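Below is model.csv, holding CSV, C-alpha atoms and all ligand atoms.
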chain,number,residue,atom,x,y,z
Y,741,MET,CA,-12.3,11.2,15.0
Y,742,LYS,CA,-11.0,7.8,13.7
Y,743,ARG,CA,-7.3,7.3,13.3
Y,744,ILE,CA,-6.2,5.9,10.0
Y,745,PHE,CA,-2.8,4.3,9.2
Y,746,SER,CA,-1.2,2.9,6.1
Y,747,GLY,CA,2.1,2.6,4.3
Y,748,SER,CA,3.7,1.6,1.0
Y,749,GLN,CA,7.2,0.5,0.2
Y,750,PRO,CA,9.6,2.7,-1.7
Y,751,THR,CA,10.6,0.0,-4.1
Y,752,GLY,CA,9.8,-0.3,-7.8
Y,753,ASN,CA,7.3,2.1,-9.3
Y,754,LEU,CA,4.0,3.0,-7.7
Y,755,HIS,CA,1.4,1.5,-10.0
Y,756,LEU,CA,-2.3,1.6,-10.8
Y,757,GLY,CA,-2.9,-1.4,-8.5
Y,758,ASN,CA,-1.4,0.5,-5.6
Y,759,TYR,CA,-3.4,3.6,-6.5
Y,760,LEU,CA,-6.8,1.8,-6.8
Y,761,GLY,CA,-6.2,-0.6,-3.9
Y,762,ALA,CA,-4.7,1.7,-1.4
Y,763,ILE,CA,-3.9,5.4,-2.3
Y,764,LYS,CA,-7.4,6.1,-3.5
Y,765,GLN,CA,-8.7,4.9,-0.1
Y,766,TYR,CA,-6.1,7.1,1.8
Y,767,ILE,CA,-7.4,10.1,-0.1
Y,768,LYS,CA,-10.9,9.3,0.9
Y,769,TYR,CA,-10.0,8.8,4.5
Y,770,GLN,CA,-8.0,12.0,4.9
Y,771,GLU,CA,-11.3,13.8,4.7
Y,772,GLU,CA,-13.0,11.8,7.4
Y,773,GLY,CA,-10.3,10.9,9.9
Y,774,ASP,CA,-6.8,11.6,11.3
Y,775,GLY,CA,-4.7,9.9,8.7
Y,776,PHE,CA,-1.0,8.9,9.0
Y,777,PHE,CA,0.5,7.7,5.7
Y,778,CYS,CA,4.0,6.4,5.7
Y,779,VAL,CA,6.8,5.5,3.3
Y,780,VAL,CA,8.0,2.3,4.8
Y,781,ASP,CA,11.7,2.4,4.0
Y,782,LEU,CA,12.6,0.0,6.8
Y,783,HIS,CA,10.4,-2.6,5.1
Y,784,ALA,CA,12.3,-2.0,1.8
Y,785,LEU,CA,15.5,-3.1,3.5
Y,786,THR,CA,14.1,-6.7,3.8
Y,787,LEU,CA,15.3,-7.3,0.3
Y,788,PRO,CA,18.7,-6.1,-1.1
Y,789,GLN,CA,18.5,-2.4,-2.2
Y,790,ASP,CA,21.0,-0.1,-3.8
Y,791,PRO,CA,21.4,2.6,-1.2
Y,792,GLU,CA,21.3,5.6,-3.6
Y,793,ALA,CA,18.3,4.1,-5.4
Y,794,LEU,CA,16.5,3.6,-2.1
Y,795,ARG,CA,17.0,7.2,-1.1
Y,796,LYS,CA,15.7,8.4,-4.5
Y,797,LYS,CA,12.7,6.1,-4.4
Y,798,THR,CA,11.8,7.1,-0.9
Y,799,MET,CA,11.5,10.8,-1.9
Y,800,GLU,CA,9.8,9.8,-5.1
Y,801,LEU,CA,7.1,7.9,-3.3
Y,802,ALA,CA,6.5,10.7,-0.7
Y,803,THR,CA,6.2,13.2,-3.6
Y,804,LEU,CA,3.8,10.8,-5.4
Y,805,TYR,CA,1.5,10.6,-2.4
Y,806,VAL,CA,1.0,14.3,-2.6
Y,807,ALA,CA,0.8,14.4,-6.4
Y,808,ALA,CA,-1.9,11.7,-6.3
Y,809,GLY,CA,-4.0,13.7,-3.9
Y,810,LEU,CA,-2.8,13.4,-0.3
Y,811,ASP,CA,-3.1,16.8,1.3
Y,812,PRO,CA,-0.4,17.5,4.0
Y,813,ASN,CA,-2.8,19.9,5.6
Y,814,LYS,CA,-5.3,17.2,6.2
Y,815,ALA,CA,-3.1,14.1,6.8
Y,816,THR,CA,0.4,13.4,8.2
Y,817,LEU,CA,2.9,12.1,5.7
Y,818,PHE,CA,6.3,10.8,6.8
Y,819,ILE,CA,9.2,8.4,6.4
Y,820,GLN,CA,9.1,5.4,8.6
Y,821,SER,CA,12.8,5.5,9.6
Y,822,HIS,CA,12.4,9.1,10.8
Y,823,VAL,CA,10.3,7.7,13.7
Y,824,PRO,CA,12.6,5.4,15.7
Y,825,ALA,CA,9.6,4.1,17.7
Y,826,HIS,CA,8.7,1.8,14.8
Y,827,ALA,CA,11.9,-0.2,15.2
Y,828,GLU,CA,11.6,-0.3,19.0
Y,829,GLY,CA,8.0,-1.2,19.0
Y,830,ALA,CA,8.8,-4.0,16.5
Y,831,TRP,CA,11.3,-5.4,19.0
Y,832,LEU,CA,8.7,-5.5,21.8
Y,833,LEU,CA,6.2,-7.2,19.6
Y,834,GLN,CA,8.9,-9.7,18.4
Y,835,CYS,CA,9.1,-10.9,21.9
Y,836,ILE,CA,5.4,-11.9,21.9
Y,837,ALA,CA,5.1,-13.1,18.3
Y,838,ARG,CA,5.4,-16.9,17.5
Y,839,MET,CA,7.5,-18.6,14.8
Y,840,GLY,CA,4.4,-20.7,13.8
Y,841,GLU,CA,2.3,-17.7,12.9
Y,842,LEU,CA,5.1,-16.0,11.0
Y,843,ASN,CA,5.8,-19.3,9.1
Y,844,ARG,CA,2.2,-19.1,7.8
Y,845,MET,CA,2.7,-15.7,6.1
Y,846,VAL,CA,2.1,-16.0,2.4
Y,847,GLN,CA,4.2,-13.0,1.4
Y,848,PHE,CA,7.3,-14.5,3.2
Y,849,LYS,CA,6.7,-17.8,1.4
Y,850,GLU,CA,6.6,-16.0,-1.9
Y,851,LYS,CA,9.5,-13.7,-1.4
Y,852,GLY,CA,11.7,-16.0,0.6
Y,853,LYS,CA,11.0,-18.9,-1.7
Y,854,GLY,CA,11.8,-21.3,1.3
Y,855,GLU,CA,15.5,-20.7,0.9
Y,856,GLU,CA,18.1,-20.9,3.7
Y,857,THR,CA,19.5,-17.6,2.5
Y,858,ALA,CA,16.1,-15.8,2.9
Y,859,GLY,CA,16.7,-12.7,5.2
Y,860,VAL,CA,15.6,-12.7,8.8
Y,861,GLY,CA,14.2,-9.2,8.3
Y,862,LEU,CA,12.0,-10.6,5.5
Y,863,PHE,CA,10.7,-13.2,8.0
Y,864,THR,CA,10.0,-10.7,10.8
Y,865,TYR,CA,8.7,-8.0,8.4
Y,866,PRO,CA,5.0,-8.5,9.4
Y,867,ILE,CA,5.9,-7.7,13.0
Y,868,LEU,CA,7.4,-4.3,12.0
Y,869,GLN,CA,4.2,-3.7,10.1
Y,870,ALA,CA,2.1,-4.5,13.2
Y,871,ALA,CA,4.3,-2.0,15.1
Y,872,ASP,CA,3.7,0.6,12.5
Y,873,ILE,CA,-0.1,0.3,12.9
Y,874,LEU,CA,-0.4,-0.3,16.7
Y,875,LEU,CA,1.9,2.6,17.6
Y,876,TYR,CA,-0.7,5.0,16.2
Y,877,ASP,CA,-3.8,3.5,18.0
Y,878,ALA,CA,-5.1,3.1,14.5
Y,879,ASP,CA,-8.8,2.3,14.1
Y,880,ILE,CA,-8.7,1.6,10.3
Y,881,VAL,CA,-5.9,0.3,8.0
Y,882,PRO,CA,-6.8,0.8,4.3
Y,883,VAL,CA,-4.9,-1.8,2.2
Y,884,GLY,CA,-5.2,-4.0,-0.9
Y,885,GLU,CA,-6.3,-7.7,-0.6
Y,886,ASP,CA,-2.7,-9.0,-0.4
Y,887,GLN,CA,-2.2,-7.4,3.0
Y,888,LYS,CA,-5.2,-9.0,4.7
Y,889,GLN,CA,-3.1,-11.7,6.4
Y,890,HIS,CA,-0.7,-9.2,7.8
Y,891,ILE,CA,-3.5,-7.1,9.4
Y,892,GLU,CA,-4.9,-10.3,10.9
Y,893,LEU,CA,-1.6,-10.9,12.5
Y,894,THR,CA,-1.5,-7.4,13.7
Y,895,ARG,CA,-4.8,-7.9,15.4
Y,896,ASP,CA,-3.7,-11.2,16.9
Y,897,LEU,CA,-0.5,-9.6,18.3
Y,898,ALA,CA,-2.5,-6.7,19.8
Y,899,GLU,CA,-5.0,-9.1,21.4
Y,900,ARG,CA,-2.2,-11.3,22.8
Y,901,PHE,CA,-0.4,-8.2,24.2
Y,902,ASN,CA,-3.6,-6.9,25.8
Y,903,HIS,CA,-4.4,-10.4,27.3
Y,904,ARG,CA,-0.9,-10.6,28.8
Y,905,PHE,CA,-0.3,-7.0,29.9
Y,906,GLY,CA,-3.7,-5.3,30.2
Y,907,GLU,CA,-5.7,-3.2,27.7
Y,908,VAL,CA,-2.8,-1.2,26.1
Y,909,LEU,CA,-3.2,-1.6,22.4
Y,910,LYS,CA,-6.1,-0.7,20.1
Y,911,VAL,CA,-7.1,-3.6,17.8
Y,912,PRO,CA,-7.4,-2.2,14.3
Y,913,VAL,CA,-9.7,-3.2,11.4
Y,914,PRO,CA,-8.5,-3.6,7.8
Y,915,MET,CA,-10.4,-1.7,5.2
Y,916,ILE,CA,-10.2,-3.5,1.9
Y,917,PRO,CA,-12.2,-1.9,-1.0
Y,918,GLU,CA,-14.9,-4.1,-2.7
Y,919,GLN,CA,-13.6,-3.1,-6.1
Y,920,GLY,CA,-9.9,-2.5,-6.9
Y,921,ALA,CA,-8.4,-4.5,-4.0
Y,922,ARG,CA,-6.7,-6.8,-6.4
Y,923,ILE,CA,-5.9,-5.2,-9.7
Y,924,MET,CA,-4.3,-7.9,-11.9
Y,925,GLY,CA,-1.2,-7.7,-14.1
Y,926,LEU,CA,-1.8,-6.6,-17.7
Y,927,ASP,CA,0.6,-9.2,-19.0
Y,928,ASN,CA,-0.8,-12.0,-16.8
Y,929,PRO,CA,-4.3,-11.4,-15.3
Y,930,GLU,CA,-3.9,-14.5,-13.1
Y,931,LYS,CA,-1.5,-12.7,-10.9
Y,932,LYS,CA,-1.8,-9.3,-9.1
Y,933,MET,CA,-0.2,-6.2,-10.6
Y,934,SER,CA,3.1,-5.9,-8.8
Y,935,LYS,CA,6.0,-3.5,-8.4
Y,936,SER,CA,8.4,-6.4,-8.4
Y,937,ALA,CA,7.0,-8.0,-11.6
Y,938,GLU,CA,9.7,-9.1,-14.0
Y,939,SER,CA,8.3,-7.3,-17.0
Y,940,ALA,CA,7.2,-3.6,-17.2
Y,941,SER,CA,4.3,-4.7,-19.3
Y,942,ASN,CA,2.7,-6.0,-16.1
Y,943,TYR,CA,1.9,-2.6,-14.7
Y,944,ILE,CA,1.1,1.1,-15.4
Y,945,THR,CA,3.0,3.4,-13.2
Y,946,LEU,CA,1.5,6.6,-11.9
Y,947,LEU,CA,4.1,8.6,-13.9
Y,948,GLU,CA,3.8,6.6,-17.1
Y,949,ASP,CA,3.5,8.7,-20.3
Y,950,PRO,CA,0.3,8.4,-22.4
Y,951,LYS,CA,1.9,6.7,-25.4
Y,952,SER,CA,3.3,3.9,-23.2
Y,953,ILE,CA,-0.1,3.5,-21.4
Y,954,MET,CA,-1.9,3.1,-24.7
Y,955,LYS,CA,0.7,0.6,-25.9
Y,956,LYS,CA,0.5,-1.5,-22.8
Y,957,LEU,CA,-3.3,-1.5,-22.8
Y,958,LYS,CA,-3.5,-2.5,-26.4
Y,959,ARG,CA,-1.3,-5.5,-25.6
Y,960,ALA,CA,-3.1,-6.4,-22.4
Y,961,VAL,CA,-3.7,-10.1,-22.2
Y,962,THR,CA,-7.5,-11.0,-22.5
Y,963,ASP,CA,-9.0,-14.2,-24.0
Y,964,SER,CA,-10.2,-15.3,-27.5
Y,965,GLU,CA,-14.0,-15.1,-26.9
Y,966,ASN,CA,-14.2,-11.4,-27.8
Y,967,VAL,CA,-17.3,-11.0,-25.6
Y,968,VAL,CA,-17.1,-8.2,-23.0
Y,969,ARG,CA,-18.4,-9.7,-19.8
Y,970,TYR,CA,-17.4,-9.4,-16.2
Y,971,ASP,CA,-16.3,-12.8,-14.9
Y,972,ARG,CA,-13.2,-12.8,-12.8
Y,973,GLU,CA,-12.9,-16.6,-12.8
Y,974,GLN,CA,-13.4,-17.3,-16.5
Y,975,LYS,CA,-12.4,-13.9,-18.0
Y,976,PRO,CA,-9.8,-12.4,-15.6
Y,977,GLY,CA,-8.2,-10.1,-18.3
Y,978,VAL,CA,-11.4,-8.5,-19.5
Y,979,SER,CA,-12.8,-8.2,-16.0
Y,980,ASN,CA,-9.6,-6.5,-14.9
Y,981,LEU,CA,-10.0,-3.9,-17.7
Y,982,LEU,CA,-13.6,-3.4,-16.8
Y,983,GLU,CA,-12.8,-2.9,-13.1
Y,984,ILE,CA,-10.0,-0.4,-13.9
Y,985,HIS,CA,-12.2,1.5,-16.3
Y,986,SER,CA,-15.2,1.6,-13.8
Y,987,LEU,CA,-13.1,2.7,-10.9
Y,988,LEU,CA,-11.6,5.6,-12.8
Y,989,SER,CA,-14.6,6.7,-14.9
Y,990,GLY,CA,-17.2,6.1,-12.2
Y,991,GLU,CA,-19.4,4.2,-14.7
Y,992,SER,CA,-20.8,0.9,-13.3
Y,993,ILE,CA,-19.4,-2.4,-14.5
Y,994,SER,CA,-22.9,-3.4,-15.9
Y,995,ALA,CA,-23.1,-0.1,-17.8
Y,996,LEU,CA,-19.7,-0.8,-19.3
Y,997,GLU,CA,-20.7,-4.3,-20.3
Y,998,GLU,CA,-23.6,-2.9,-22.1
Y,999,LYS,CA,-21.6,-0.1,-23.7
Y,1000,TYR,CA,-19.0,-2.5,-25.2
Y,1001,SER,CA,-21.3,-5.4,-25.9
Y,1002,ASP,CA,-21.1,-5.0,-29.7
Y,1003,ALA,CA,-17.6,-3.5,-29.8
Y,1004,GLY,CA,-15.2,-6.3,-28.9
Y,1005,TYR,CA,-12.0,-5.9,-26.9
Y,1006,GLY,CA,-10.2,-3.4,-29.1
Y,1007,LYS,CA,-12.5,-0.5,-28.2
Y,1008,LEU,CA,-12.6,-1.5,-24.5
Y,1009,LYS,CA,-8.8,-1.5,-24.4
Y,1010,ILE,CA,-8.4,1.9,-26.1
Y,1011,GLU,CA,-11.0,3.6,-24.0
Y,1012,THR,CA,-9.7,2.1,-20.8
Y,1013,ALA,CA,-6.3,3.5,-21.8
Y,1014,GLU,CA,-7.9,6.9,-22.4
Y,1015,VAL,CA,-9.6,6.9,-19.0
Y,1016,ILE,CA,-6.3,6.1,-17.3
Y,1017,ILE,CA,-4.4,8.8,-19.3
Y,1018,ASP,CA,-7.1,11.4,-18.3
Y,1019,HIS,CA,-6.7,10.4,-14.7
Y,1020,LEU,CA,-2.9,10.3,-14.5
Y,1021,THR,CA,-2.0,13.4,-16.6
Y,1022,PRO,CA,-2.8,15.8,-13.7
Y,1023,VAL,CA,-0.9,13.5,-11.3
Y,1024,ARG,CA,2.2,13.7,-13.5
Y,1025,GLU,CA,1.9,17.5,-13.8
Y,1026,ARG,CA,1.6,17.9,-10.0
Y,1027,TYR,CA,4.5,15.6,-9.5
Y,1028,LYS,CA,6.7,17.7,-11.8
Y,1029,LYS,CA,5.8,20.9,-9.9
Y,1030,LEU,CA,6.4,19.4,-6.5
Y,1031,VAL,CA,9.9,18.3,-7.6
Y,1032,GLU,CA,10.6,21.8,-8.8
Y,1033,THR,CA,9.5,23.5,-5.6
Y,1034,GLY,CA,11.2,20.9,-3.3
Y,1035,GLU,CA,8.4,21.4,-0.7
Y,1036,ILE,CA,8.2,17.7,0.1
Y,1037,GLU,CA,11.1,18.0,2.5
Y,1038,GLU,CA,9.3,20.4,4.8
Y,1039,ILE,CA,6.2,18.3,4.6
Y,1040,LEU,CA,8.2,15.3,5.7
Y,1041,ILE,CA,9.9,17.1,8.6
Y,1042,THR,CA,6.5,18.3,9.9
Y,1043,GLY,CA,5.0,14.8,9.4
Y,1044,ALA,CA,7.8,13.1,11.3
Y,1045,LYS,CA,7.4,15.4,14.3
Y,1046,ARG,CA,3.7,14.7,14.6
Y,1047,ALA,CA,4.4,11.0,14.2
Y,1048,GLN,CA,7.0,11.1,16.9
Y,1049,GLU,CA,4.6,12.8,19.3
Y,1050,VAL,CA,1.9,10.2,18.8
Y,1051,THR,CA,4.1,7.1,18.9
Y,1052,GLY,CA,6.0,8.3,22.0
Y,1053,GLY,CA,3.0,7.9,24.1
Y,1054,VAL,CA,1.9,4.5,22.9
Y,1055,LEU,CA,5.5,3.2,23.0
Y,1056,GLU,CA,5.8,4.3,26.7
Y,1057,ARG,CA,2.5,2.5,27.5
Y,1058,MET,CA,3.9,-0.7,25.9
Y,1059,ARG,CA,7.3,-0.4,27.6
Y,1060,SER,CA,5.7,0.2,31.0
Y,1061,ALA,CA,3.1,-2.6,30.7
Y,1062,MET,CA,5.9,-5.1,29.8
Y,1063,GLY,CA,8.0,-4.1,32.9
Y,1064,LEU,CA,10.7,-1.9,31.4
Y,1065,VAL,CA,11.8,0.9,33.7
Y,1066,SER,CA,10.8,4.3,32.4
Y,1067,PRO,CA,13.8,6.4,31.3
Y,1068,TYR,CA,15.0,8.8,34.0
Y,1069,ARG,CA,13.7,12.3,33.5
Y,1070,LYS,CA,15.8,15.3,34.5
X,1,LIG,P1,5.1,-6.0,-4.5
X,1,LIG,O1,4.0,-6.4,-5.4
X,1,LIG,O2,6.4,-5.8,-5.0
X,1,LIG,O3,5.1,-6.8,-3.2
X,1,LIG,P2,3.3,-4.0,-4.0
X,1,LIG,O4,2.9,-3.6,-5.4
X,1,LIG,O5,2.4,-4.9,-3.2
X,1,LIG,O6,4.7,-4.6,-4.0
X,1,LIG,P3,3.4,-2.2,-1.7
X,1,LIG,O7,4.1,-1.0,-1.4
X,1,LIG,O8,3.8,-3.4,-0.9
X,1,LIG,O9,3.5,-2.6,-3.2
X,1,LIG,O10,1.8,-2.0,-1.5
X,1,LIG,C1,1.2,-0.7,-1.2
X,1,LIG,C2,-0.3,-0.9,-1.2
X,1,LIG,O11,-0.8,-1.3,-2.4
X,1,LIG,C3,-0.8,-2.1,-0.2
X,1,LIG,O12,-1.9,-1.6,0.5
X,1,LIG,C4,-1.1,-3.2,-1.1
X,1,LIG,O13,-2.1,-4.0,-0.6
X,1,LIG,C5,-1.7,-2.4,-2.3
X,1,LIG,N1,-1.6,-3.2,-3.6
X,1,LIG,C6,-0.4,-3.7,-4.1
X,1,LIG,N2,-0.7,-4.3,-5.2
X,1,LIG,C7,-2.0,-4.2,-5.5
X,1,LIG,C8,-2.8,-4.6,-6.6
X,1,LIG,N3,-2.4,-5.3,-7.6
X,1,LIG,N4,-4.1,-4.3,-6.5
X,1,LIG,C9,-4.6,-3.6,-5.5
X,1,LIG,N5,-3.9,-3.2,-4.4
X,1,LIG,C10,-2.6,-3.5,-4.4
X,2,LIG,N1,3.5,-4.6,4.1
X,2,LIG,C1,2.9,-3.6,3.3
X,2,LIG,C2,3.4,-2.2,3.5
X,2,LIG,C3,3.2,-1.8,4.9
X,2,LIG,C4,1.9,-1.4,5.5
X,2,LIG,C5,2.3,-1.0,6.9
X,2,LIG,C6,0.6,-1.3,5.1
X,2,LIG,C7,4.1,-1.6,5.9
X,2,LIG,N2,3.6,-1.2,7.0
X,2,LIG,C8,1.3,-0.6,7.7
X,2,LIG,C9,-0.4,-0.9,6.0
X,2,LIG,C10,0.0,-0.6,7.3
X,2,LIG,C11,3.0,-4.0,1.8
X,2,LIG,O1,3.9,-4.7,1.5
X,2,LIG,N3,2.2,-3.5,1.0
Written form, structure tokens:
Amino acid sequence: MKRIFSGSQPTGNLHLGNYLGAIKQYIKYQEEGDGFFCVVDLHALTLPQDPEALRKKTMELATLYVAAGLDPNKATLFIQSHVPAHAEGAWLLQCIARMGELNRMVQFKEKGKGEETAGVGLFTYPILQAADILLYDADIVPVGEDQKQHIELTRDLAERFNHRFGEVLKVPVPMIPEQGARIMGLDNPEKKMSKSAESASNYITLLEDPKSIMKKLKRAVTDSENVVRYDREQKPGVSNLLEIHSLLSGESISALEEKYSDAGYGKLKIETAEVIIDHLTPVRERYKKLVETGEIEEILITGAKRAQEVTGGVLERMRSAMGLVSPYRK
């Protein structure tokens, strides 16, 4: 059985891009493999966070995983900081990672903006991500397009480790969906939909109410041609709507192009909003119920135990290969 690992940060609001690029893949893989899905709270610390808000967002994201369709009986759900091996594994990998390769990471360049005050944690963040993945002997890492470079680094670190210390780490493969890997912002289809976007018109959150979804879709930036055609280069706004609609309704992009060929953008926008609302209404309802029952806490305790068991073995393999003395056993 293949091992799957992925994670999302408990910052901002989980949005449609996260769902279509990542969570939908997690749900698919939980059927076929041994999935570990994590709320990466240690990663969130790389930018300033309000402690109370971080705690709240962490529980909210874990609850949303389940509300969106992750089944704790099929996959392991947990909070990264509940498994200390992640931090320790990251240290071991920091000692084989190179400044040059981290300097090339696009996300660091974007978030650190080249400033002297950029955090060291933000710089070494991809190494913690590599530890997350490698500690589970993961075969497959389902992610959106923006994470491709980090998974490449993870593969390089695993190969370097193995070259130096023997075959210890499994080299994982990223799984980036053909459609949905880069959902664009509704207010600016040149840039990806992002939790940290300045304006809330950029994204649709998974808990967004129907009225607000309709309003944002109606205002979505398109172009002045008024011809419904899929062309990501020339018509990024319309193509983004077609892609969202297609992924949620299951209708092919060419069928949608045909369907809206005489209709113009207004109808496409309204019906895309309706498809989103249909899809998210049950997620919102399940979320509400989960909050009422409080069952997520138990799910996370069980998840952390299983994650600790798996990572303990891999971490010991790494420690031992690198020449650290095994802890004394009584
Ligand atoms: P930010 O934009 O603030 O960096 P984020 O939206 O990328 O945050 P993460 O928690 O870092 O959120 O990402 C969770 C998962 O969602 C990752 O696998 C990421 O690749 C994927 N993802 C993020 N944004 C998009 C998007 N616009 N389209 C498709 N997938 C996305
Ligand atoms: N860096 C990722 C989140 C992340 C992740 C991971 C994804 C942290 N650890 C391990 C896949 C596997 C992000 O910003 N989306």
For ligand LIG 2 (chain X), the nearest of the candidates Y:Gln889, Y:Gln847, Y:Thr1042, Y:Gln869, counting all atoms listed in the file: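 Looking at the shortest contact to ligand LIG 2 (chain X), the residue is Y:Gln869.
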Using only C-alpha atoms and all ligand atoms, I'd like a table of the residues in chain Y that come within 10 Å of ligand LIG 2 (chain X); for each, show the closest atom pair and its distance in Å rounded to one decimal, ordered by chain and ascending number, as a Markdown table.
| residue | atom | partner | partner_atom | distance |
| --- | --- | --- | --- | --- |
| Y:Ile744 | CA | X:LIG2 | C10 | 9.4 |
| Y:Phe745 | CA | X:LIG2 | C10 | 6.0 |
| Y:Ser746 | CA | X:LIG2 | C9 | 3.9 |
| Y:Gly747 | CA | X:LIG2 | C4 | 4.2 |
| Y:Ser748 | CA | X:LIG2 | C2 | 4.6 |
| Y:Gln749 | CA | X:LIG2 | C2 | 5.7 |
| Y:Pro750 | CA | X:LIG2 | C2 | 9.5 |
| Y:Thr751 | CA | X:LIG2 | O1 | 9.9 |
| Y:Asn758 | CA | X:LIG2 | N3 | 8.5 |
| Y:Ala762 | CA | X:LIG2 | C6 | 8.9 |
| Y:Phe776 | CA | X:LIG2 | C10 | 9.7 |
| Y:Phe777 | CA | X:LIG2 | C10 | 8.5 |
| Y:Cys778 | CA | X:LIG2 | C5 | 7.7 |
| Y:Val779 | CA | X:LIG2 | C7 | 8.0 |
| Y:Val780 | CA | X:LIG2 | C7 | 5.6 |
| Y:Asp781 | CA | X:LIG2 | C7 | 8.8 |
| Y:Leu782 | CA | X:LIG2 | C7 | 8.7 |
| Y:His783 | CA | X:LIG2 | C7 | 6.4 |
| Y:Ala784 | CA | X:LIG2 | O1 | 8.8 |
| Y:Gln820 | CA | X:LIG2 | N2 | 8.7 |
| Y:His826 | CA | X:LIG2 | N2 | 9.8 |
| Y:Gln847 | CA | X:LIG2 | O1 | 8.3 |
| Y:Tyr865 | CA | X:LIG2 | N1 | 7.6 |
| Y:Pro866 | CA | X:LIG2 | N1 | 6.7 |
| Y:Ile867 | CA | X:LIG2 | N2 | 9.1 |
| Y:Leu868 | CA | X:LIG2 | N2 | 7.0 |
| Y:Gln869 | CA | X:LIG2 | N2 | 4.0 |
| Y:Ala870 | CA | X:LIG2 | C8 | 6.8 |
| Y:Ala871 | CA | X:LIG2 | C8 | 8.1 |
| Y:Asp872 | CA | X:LIG2 | C8 | 5.5 |
| Y:Ile873 | CA | X:LIG2 | C8 | 5.5 |
| Y:Leu874 | CA | X:LIG2 | C8 | 9.2 |
| Y:Ala878 | CA | X:LIG2 | C10 | 9.6 |
| Y:Ile880 | CA | X:LIG2 | C10 | 9.5 |
| Y:Val881 | CA | X:LIG2 | C9 | 6.0 |
| Y:Pro882 | CA | X:LIG2 | C9 | 6.8 |
| Y:Val883 | CA | X:LIG2 | C9 | 6.0 |
| Y:Gly884 | CA | X:LIG2 | N3 | 7.7 |
| Y:Glu885 | CA | X:LIG2 | N3 | 9.6 |
| Y:Asp886 | CA | X:LIG2 | N3 | 7.5 |
| Y:Gln887 | CA | X:LIG2 | N3 | 6.2 |
| Y:Lys888 | CA | X:LIG2 | C9 | 9.5 |
| Y:Gln889 | CA | X:LIG2 | N1 | 10.0 |
| Y:His890 | CA | X:LIG2 | N1 | 7.2 |
| Y:Ile891 | CA | X:LIG2 | C10 | 7.7 |
| Y:Thr894 | CA | X:LIG2 | C10 | 9.5 |
| Y:Pro914 | CA | X:LIG2 | C9 | 8.7 |
Tell me, in Å to one decimal, how far atom CA of Y:Ile836 is from atom CA of Y:Gly852.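 Atom-to-atom, atom CA of Y:Ile836 to atom CA of Y:Gly852, that is 22.6 Å.
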I need the residue nearest ligand LIG 1 (chain X) from this list: Y:Glu850, Y:Glu1035, Y:Glu1025, Y:Glu1014. Use all atoms listed in the file for the distance.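 Comparing Y:Glu850, Y:Glu1035, Y:Glu1025, Y:Glu1014 against ligand LIG 1 (chain X), the winner is Y:Glu850.
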Option closest in space to ligand LIG 1 (chain X), from Y:Val908, Y:Ala937, Y:Leu1020, Y:Ala815 [counting all atoms listed in the file]: Y:Ala937
Report, in Å with one decimal, the straight-line distance from atom CA of Y:His822 to atom CA of Y:Ala1044. 6.1 Å
Using only C-alpha atoms and all ligand atoms for the distances, tell me which of Y:Leu1040, Y:Ile763, Y:Val860, Y:Val806 is nearest to ligand LIG 1 (chain X).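 Closest to ligand LIG 1 (chain X) of all the choices is Y:Ile763.
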